[in-house]
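K.L.:
Structure: final-v6.pdb, PDB, C-alpha atoms.
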```
ATOM      1  CA  MET A   1     109.790 105.868 107.277
ATOM      2  CA  ALA A   2     106.612 104.898 109.110
ATOM      3  CA  ILE A   3     103.996 102.956 107.154
ATOM      4  CA  PHE A   4     100.313 102.341 107.811
ATOM      5  CA  VAL A   5      98.892  98.830 107.615
ATOM      6  CA  VAL A   6      95.435  99.251 106.089
ATOM      7  CA  GLY A   7      92.869  96.483 105.776
ATOM      8  CA  SER A   8      90.229  95.914 103.117
ATOM      9  CA  GLY A   9      88.006  95.157 106.103
ATOM     10  CA  THR A  10      88.057  93.866 109.654
ATOM     11  CA  ASN A  11      89.851  90.625 110.490
ATOM     12  CA  VAL A  12      91.466  90.270 107.061
ATOM     13  CA  GLY A  13      95.003  89.708 108.330
ATOM     14  CA  LYS A  14      96.564  93.080 109.249
ATOM     15  CA  THR A  15      97.962  91.654 112.478
ATOM     16  CA  ILE A  16      99.293  88.581 110.672
ATOM     17  CA  PHE A  17     101.016  90.785 108.094
ATOM     18  CA  SER A  18     102.465  92.948 110.876
ATOM     19  CA  ALA A  19     103.781  89.894 112.718
ATOM     20  CA  ALA A  20     105.357  88.521 109.540
ATOM     21  CA  THR A  21     107.023  91.840 108.782
ATOM     22  CA  MET A  22     108.371  92.184 112.298
ATOM     23  CA  LEU A  23     109.671  88.617 112.288
ATOM     24  CA  LEU A  24     111.484  89.136 108.976
ATOM     25  CA  TYR A  25     112.888  92.640 109.331
ATOM     26  CA  ALA A  26     112.605  94.057 112.863
ATOM     27  CA  HIS A  27     116.143  93.195 113.960
ATOM     28  CA  GLU A  28     117.772  94.026 110.650
ATOM     29  CA  LYS A  29     115.975  97.331 110.043
ATOM     30  CA  LYS A  30     115.158  98.267 113.651
ATOM     31  CA  ILE A  31     111.426  98.324 113.001
ATOM     32  CA  LEU A  32     108.939  99.138 115.744
ATOM     33  CA  TYR A  33     105.274  98.093 115.927
ATOM     34  CA  LEU A  34     102.402 100.300 117.039
ATOM     35  CA  LYS A  35      98.657  99.678 117.231
ATOM     36  CA  PRO A  36      97.461 103.232 118.018
ATOM     37  CA  ILE A  37      93.929 102.188 118.972
ATOM     38  CA  GLN A  38      93.175  98.775 120.431
ATOM     39  CA  THR A  39      89.598  97.644 121.004
ATOM     40  CA  GLY A  40      88.537  94.398 122.618
ATOM     41  CA  ILE A  41      90.092  92.262 125.318
ATOM     42  CA  GLU A  42      92.551  90.542 122.993
ATOM     43  CA  SER A  43      95.690  92.534 122.229
ATOM     44  CA  ASP A  44      97.039  92.670 118.686
ATOM     45  CA  THR A  45     100.328  93.897 120.111
ATOM     46  CA  GLU A  46     100.626  90.728 122.185
ATOM     47  CA  THR A  47      99.708  88.599 119.154
ATOM     48  CA  VAL A  48     102.418  90.221 117.033
ATOM     49  CA  LYS A  49     104.895  89.887 119.893
ATOM     50  CA  SER A  50     104.081  86.207 120.366
ATOM     51  CA  LEU A  51     104.202  85.251 116.684
ATOM     52  CA  SER A  52     107.346  87.256 115.930
ATOM     53  CA  MET A  53     109.103  86.111 119.117
ATOM     54  CA  LEU A  54     110.594  89.583 119.599
ATOM     55  CA  GLU A  55     111.557  91.428 122.771
ATOM     56  CA  ASP A  56     109.322  94.071 124.367
ATOM     57  CA  SER A  57     111.612  96.845 123.135
ATOM     58  CA  PHE A  58     110.247  96.451 119.586
ATOM     59  CA  PHE A  59     106.695  97.308 120.648
ATOM     60  CA  LEU A  60     105.124 100.661 121.444
ATOM     61  CA  HIS A  61     102.130 100.941 123.758
ATOM     62  CA  PRO A  62      98.727 101.702 122.201
ATOM     63  CA  LEU A  63      97.699 105.348 122.483
ATOM     64  CA  TYR A  64      94.137 104.288 123.280
ATOM     65  CA  ARG A  65      92.756 101.010 124.568
ATOM     66  CA  PHE A  66      89.104 100.047 125.048
ATOM     67  CA  SER A  67      87.674  96.737 126.260
ATOM     68  CA  PHE A  68      84.613  96.723 123.974
ATOM     69  CA  ALA A  69      85.363  94.950 120.674
ATOM     70  CA  ALA A  70      83.860  97.409 118.206
ATOM     71  CA  SER A  71      84.695 100.330 115.956
ATOM     72  CA  PRO A  72      86.887 102.794 117.917
ATOM     73  CA  HIS A  73      84.227 105.533 118.028
ATOM     74  CA  LEU A  74      81.679 103.165 119.604
ATOM     75  CA  ALA A  75      84.196 101.460 121.887
ATOM     76  CA  ALA A  76      85.188 104.874 123.260
ATOM     77  CA  GLU A  77      81.552 105.905 123.745
ATOM     78  CA  LYS A  78      80.859 102.724 125.737
ATOM     79  CA  GLU A  79      83.449 103.934 128.264
ATOM     80  CA  ASN A  80      82.260 107.571 128.121
ATOM     81  CA  LYS A  81      85.539 108.596 126.551
ATOM     82  CA  LYS A  82      86.535 110.372 123.368
ATOM     83  CA  ILE A  83      89.524 109.899 121.138
ATOM     84  CA  SER A  84      91.503 113.072 120.492
ATOM     85  CA  THR A  85      92.316 113.077 116.798
ATOM     86  CA  GLU A  86      94.712 115.982 117.316
ATOM     87  CA  TYR A  87      96.675 113.921 119.816
ATOM     88  CA  LEU A  88      96.656 110.901 117.495
ATOM     89  CA  VAL A  89      97.943 112.891 114.531
ATOM     90  CA  LYS A  90     100.591 114.627 116.627
ATOM     91  CA  GLU A  91     101.895 111.370 118.098
ATOM     92  CA  LEU A  92     101.947 109.516 114.779
ATOM     93  CA  CYS A  93     103.707 112.387 113.024
ATOM     94  CA  THR A  94     106.595 111.925 115.452
ATOM     95  CA  LYS A  95     107.006 108.377 114.039
ATOM     96  CA  LYS A  96     107.279 109.435 110.391
ATOM     97  CA  LYS A  97     111.077 109.452 110.371
ATOM     98  CA  THR A  98     111.299 106.090 112.132
ATOM     99  CA  HIS A  99     110.772 102.548 110.845
ATOM    100  CA  THR A 100     107.395 101.965 112.482
ATOM    101  CA  ILE A 101     104.607  99.621 111.404
ATOM    102  CA  ILE A 102     101.345 101.364 112.330
ATOM    103  CA  GLU A 103      98.431  98.913 112.297
ATOM    104  CA  LEU A 104      95.071 100.631 112.028
ATOM    105  CA  ALA A 105      91.877  99.433 113.714
ATOM    106  CA  GLY A 106      89.458  97.934 111.196
ATOM    107  CA  GLY A 107      89.029  99.011 107.591
ATOM    108  CA  LEU A 108      89.871 102.265 105.847
ATOM    109  CA  MET A 109      86.567 104.059 106.455
ATOM    110  CA  VAL A 110      86.111 102.992 110.072
ATOM    111  CA  PRO A 111      85.373 106.068 112.220
ATOM    112  CA  LEU A 112      87.567 106.922 115.160
ATOM    113  CA  THR A 113      85.229 109.679 116.371
ATOM    114  CA  ARG A 114      81.581 110.480 115.735
ATOM    115  CA  THR A 115      81.265 114.237 116.195
ATOM    116  CA  PRO A 116      82.661 115.020 113.755
ATOM    117  CA  TYR A 117      83.265 111.747 111.979
ATOM    118  CA  PHE A 118      87.016 111.156 111.607
ATOM    119  CA  THR A 119      88.065 107.949 109.872
ATOM    120  CA  ASN A 120      91.230 105.927 109.422
ATOM    121  CA  LEU A 121      91.490 107.547 106.001
ATOM    122  CA  ASP A 122      91.408 111.006 107.586
ATOM    123  CA  LEU A 123      94.188 109.921 109.942
ATOM    124  CA  ILE A 124      96.374 108.724 107.064
ATOM    125  CA  LEU A 125      95.786 111.937 105.132
ATOM    126  CA  GLN A 126      96.764 114.135 108.058
ATOM    127  CA  VAL A 127      99.857 112.129 109.017
ATOM    128  CA  LYS A 128     100.860 111.874 105.329
ATOM    129  CA  ALA A 129     102.547 108.493 105.462
ATOM    130  CA  PRO A 130     102.329 105.669 102.896
ATOM    131  CA  CYS A 131     100.495 102.417 103.438
ATOM    132  CA  VAL A 132     100.357  98.728 102.605
ATOM    133  CA  LEU A 133      96.931  97.265 101.861
ATOM    134  CA  VAL A 134      96.194  93.874 103.442
ATOM    135  CA  ALA A 135      93.352  91.851 101.953
ATOM    136  CA  GLY A 136      91.678  88.525 102.542
ATOM    137  CA  THR A 137      91.032  86.027  99.754
ATOM    138  CA  SER A 138      87.527  84.778 100.491
ATOM    139  CA  LEU A 139      84.335  85.558  98.600
ATOM    140  CA  GLY A 140      83.682  89.314  98.545
ATOM    141  CA  THR A 141      87.297  90.402  98.695
ATOM    142  CA  ILE A 142      87.410  91.610  95.079
ATOM    143  CA  ASN A 143      84.848  94.316  95.773
ATOM    144  CA  HIS A 144      86.198  95.255  99.216
ATOM    145  CA  THR A 145      89.831  95.370  98.138
ATOM    146  CA  LEU A 146      89.313  97.329  94.921
ATOM    147  CA  LEU A 147      87.024  99.857  96.612
ATOM    148  CA  THR A 148      89.679 100.397  99.284
ATOM    149  CA  TYR A 149      92.500 100.646  96.757
ATOM    150  CA  ASN A 150      90.597 103.086  94.547
ATOM    151  CA  THR A 151      89.771 105.269  97.544
ATOM    152  CA  LEU A 152      93.440 105.414  98.545
ATOM    153  CA  LEU A 153      94.377 106.282  94.972
ATOM    154  CA  GLU A 154      91.726 108.962  94.567
ATOM    155  CA  ARG A 155      92.710 110.634  97.850
ATOM    156  CA  GLY A 156      96.411 110.684  96.968
ATOM    157  CA  VAL A 157      97.612 108.116  99.506
ATOM    158  CA  ILE A 158     100.744 106.250  98.451
ATOM    159  CA  CYS A 159     100.012 102.516  98.530
ATOM    160  CA  ARG A 160     103.172 100.403  98.389
ATOM    161  CA  GLY A 161     101.296  97.282  97.360
ATOM    162  CA  ILE A 162      98.826  94.589  98.380
ATOM    163  CA  PHE A 163      99.494  91.653 100.683
ATOM    164  CA  PHE A 164      97.052  88.729 100.811
ATOM    165  CA  VAL A 165      96.236  86.560 103.805
ATOM    166  CA  THR A 166      94.305  83.326 103.362
ATOM    167  CA  LYS A 167      92.682  81.764 106.401
ATOM    168  CA  LYS A 168      91.752  78.214 105.482
ATOM    169  CA  GLU A 169      88.229  77.064 106.232
ATOM    170  CA  LYS A 170      87.525  73.752 107.922
ATOM    171  CA  ASN A 171      87.019  71.057 105.265
ATOM    172  CA  GLU A 172      87.508  73.571 102.438
ATOM    173  CA  ASN A 173      87.039  71.928  99.020
ATOM    174  CA  THR A 174      88.824  72.528  95.719
ATOM    175  CA  ASP A 175      86.150  74.985  94.547
ATOM    176  CA  GLY A 176      86.875  77.165  97.552
ATOM    177  CA  LEU A 177      90.594  77.145  96.781
ATOM    178  CA  LYS A 178      89.932  78.024  93.132
ATOM    179  CA  ILE A 179      87.807  80.989  94.201
ATOM    180  CA  ARG A 180      90.612  82.282  96.421
ATOM    181  CA  GLU A 181      93.214  81.906  93.675
ATOM    182  CA  ASP A 182      91.029  83.670  91.136
ATOM    183  CA  ASN A 183      90.214  86.452  93.612
ATOM    184  CA  ILE A 184      93.913  87.258  93.970
ATOM    185  CA  ALA A 185      94.537  87.079  90.224
ATOM    186  CA  THR A 186      91.523  89.277  89.431
ATOM    187  CA  ILE A 187      92.423  91.915  92.002
ATOM    188  CA  MET A 188      96.004  92.146  90.763
ATOM    189  CA  GLU A 189      94.984  92.320  87.092
ATOM    190  CA  ILE A 190      92.645  95.235  87.803
ATOM    191  CA  VAL A 191      95.111  97.004  90.106
ATOM    192  CA  THR A 192      97.882  96.661  87.512
ATOM    193  CA  SER A 193      95.605  98.166  84.858
ATOM    194  CA  ILE A 194      95.196 101.193  87.131
ATOM    195  CA  SER A 195      98.731 101.295  88.550
ATOM    196  CA  PRO A 196     101.193  99.556  86.188
ATOM    197  CA  GLU A 197     103.975  99.812  88.769
ATOM    198  CA  ILE A 198     102.122  97.325  90.996
ATOM    199  CA  ARG A 199     102.444  94.130  88.972
ATOM    200  CA  LYS A 200     102.637  91.523  91.733
ATOM    201  CA  PRO A 201     101.272  91.169  95.256
ATOM    202  CA  LEU A 202     103.762  91.886  98.023
ATOM    203  CA  GLY A 203     103.113  88.386  99.261
ATOM    204  CA  HIS A 204     100.514  85.768 100.090
ATOM    205  CA  LEU A 205     100.411  83.950 103.407
ATOM    206  CA  VAL A 206      98.195  80.891 103.841
ATOM    207  CA  LEU A 207      97.268  80.102 107.440
ATOM    208  CA  PRO A 208      96.020  76.714 108.629
ATOM    209  CA  TYR A 209      92.497  76.292 109.996
ATOM    210  CA  LYS A 210      93.742  75.673 113.537
ATOM    211  CA  LYS A 211      95.578  78.160 115.736
ATOM    212  CA  ILE A 212      99.202  78.358 114.688
ATOM    213  CA  SER A 213     102.252  78.220 116.955
ATOM    214  CA  ALA A 214     105.086  80.738 116.742
ATOM    215  CA  HIS A 215     107.420  78.035 115.446
ATOM    216  CA  ASP A 216     105.038  77.005 112.641
ATOM    217  CA  PHE A 217     104.342  80.650 111.838
ATOM    218  CA  LYS A 218     108.046  81.272 111.352
ATOM    219  CA  SER A 219     108.236  78.334 108.952
ATOM    220  CA  LEU A 220     105.440  79.868 106.861
ATOM    221  CA  VAL A 221     106.899  83.371 106.909
ATOM    222  CA  ILE A 222     110.577  82.760 106.093
ATOM    223  CA  PRO A 223     109.872  82.069 102.370
ATOM    224  CA  LEU A 224     108.230  85.512 102.140
ATOM    225  CA  HIS A 225     111.583  87.240 102.603
ATOM    226  CA  SER A 226     111.933  89.195  99.375
ATOM    227  CA  LYS A 227     113.200  92.512  98.062
ATOM    228  CA  LEU A 228     109.684  93.291  96.821
ATOM    229  CA  LEU A 229     108.240  93.176 100.317
ATOM    230  CA  GLN A 230     111.285  94.765 101.944
ATOM    231  CA  ASN A 231     111.427  97.688  99.500
ATOM    232  CA  SER A 232     107.741  98.410  99.976
ATOM    233  CA  LEU A 233     108.232  98.968 103.676
ATOM    234  CA  LEU A 234     111.443 100.953 104.024
TER
END
```
Show me this structure written as structure tokens.

P.N.:
Amino acid sequence: MAIFVVGSGTNVGKTIFSAATMLLYAHEKKILYLKPIQTGIESDTETVKSLSMLEDSFFLHPLYRFSFAASPHLAAEKENKKISTEYLVKELCTKKKTHTIIELAGGLMVPLTRTPYFTNLDLILQVKAPCVLVAGTSLGTINHTLLTYNTLLERGVICRGIFFVTKKEKNENTDGLKIREDNIATIMEIVTSISPEIRKPLGHLVLPYKKISAHDFKSLVIPLHSKLLQNSLL
């Protein structure tokens, strides 16, 4: 089945999670990667391709691409264009019976169009595919992650679990590390109290402060190979 990669916010690690998943399972499970809407000059598709070291055949072209790094509705307006939500839904529905990782742009409530407002949540609801929630671990993530999770739950979206991505800060002290550890523990305790079937995070990836090479990324990702993560995706 296809699965949406939802973030608790922007730049929390959706692309990192997607790259890790592709590296671990793409060959074995014939998984494809798709970023339906890409904004900004940098390409998440190219990042996933580089980190996973996979061939071009594993990657689908974005349905929309805009050079302005902003929310999709604003990025489209800057180029005097409009995103067709009907086209998006139609195209993504064709992926539902395939193993496709669909990485959304920004957080759950980010609008794709303005008139009327149509968000990532609306897209998920119309395509009717499950999701994985990716969250950061820094200060503020408890509120952002739980609000996102509760919204998914209330709207009837199947969430397979939560994956955490830590991006180390330069010269981070022990207090900072303790905050991150407690953030994860607190989120999971509250989520488990709401959804007893989700007792553990799908995984936790800790990235170094500096830019990481594909070789070093692979070394970090290989230990994540688990039935818990695999079963949540396929």

K.L.:
Hey, what comes out of the PyMOL selection byres ((chain A and resi 142-148) around 8) on this file? Could you write it as a list in words?

P.N.:
Ser8, Gly9, Leu108, Ala135, Leu139, Gly140, Thr141, Tyr149, Asn150, Thr151, Leu152, Asn183, Ile184, Thr186, Ile187 and Val191 of chain A

K.L.:
Enter the distance from CA of Met109 in chain A to CA of Glu189 in chain A, in Å, rounded to one decimal.

P.N.:
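These two atoms are separated by 24.2 Å.
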
K.L.:
Pick out the residues sitting within 8 Å of Ile158 in chain A, and hand them over as a list in words; count all atoms listed in the file, and ignore anything fewer than 3 positions along from it in its own chain.

P.N.:
Ala129, Pro130, Cys131, Leu152 and Leu153 of chain A

K.L.:
Apply the PyMOL selection byres ((chain A and resi 205) around 6) to the structure shown and report the selected residues as a compact mmCIF listing (two decimals) with C-alpha atoms, keeping the file's coordinate frame.

P.N.:
```
# COMPACT_ATOMS: atom_id res chain seq x y z
CA VAL A 165 96.24 86.56 103.80
CA HIS A 204 100.51 85.77 100.09
CA VAL A 206 98.20 80.89 103.84
```

K.L.:
When you count only C-alpha atoms, which of these residues is closest to Glu42 in chain A: A:Tyr25, A:Phe68, A:Tyr87, A:Phe59?

P.N.:
A:Phe68

K.L.:
Using the chain letters and residue numbers of this document, give as an NGL selection string the residues selected by the PyMOL selection byres ((chain A and resi 91) around 12).

P.N.:
:A and (34 or 36 or 60-64 or 84-90 or 92-96 or 102 or 123 or 126-127)

K.L.:
Given 8 Å of margin on each side, can you work out the centre and size in Å (one decimal) of an axis-aligned box holding every listed atom of range 27-33 of chain A, as AutoDock Vina command-line options?

P.N.:
```
--center_x 111.5 --center_y 96.2 --center_z 113.0 --size_x 28.5 --size_y 21.9 --size_z 21.9
```

K.L.:
Counting all atoms listed in the file, which residues come within 12 Å of (108.1, 99.3, 89.1), with the point read in the file's coordinates, and could you list them as an MDAnalysis selection string?

P.N.:
chainID A and resid 160:161 192 195:200 228 231:232

K.L.:
Which residues come within 10 Å of Arg114 in chain A, counting all atoms listed in the file, excluding same-chain residues fewer than 4 positions away, as a ChimeraX atom specification?

P.N.:
/A:72-74,77,82-83,118-119

K.L.:
For Ile124 in chain A, which of A:Glu28, A:Asp44, A:Glu103, A:Glu181 is the closest residue, counting all atoms listed in the file?

P.N.:
A:Glu103

K.L.:
Mind pulling up the distance from CA of Asp216 in chain A to CA of Leu32 in chain A?

P.N.:
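Going from CA of Leu32 in chain A over to CA of Asp216 in chain A, I get 22.7 Å.
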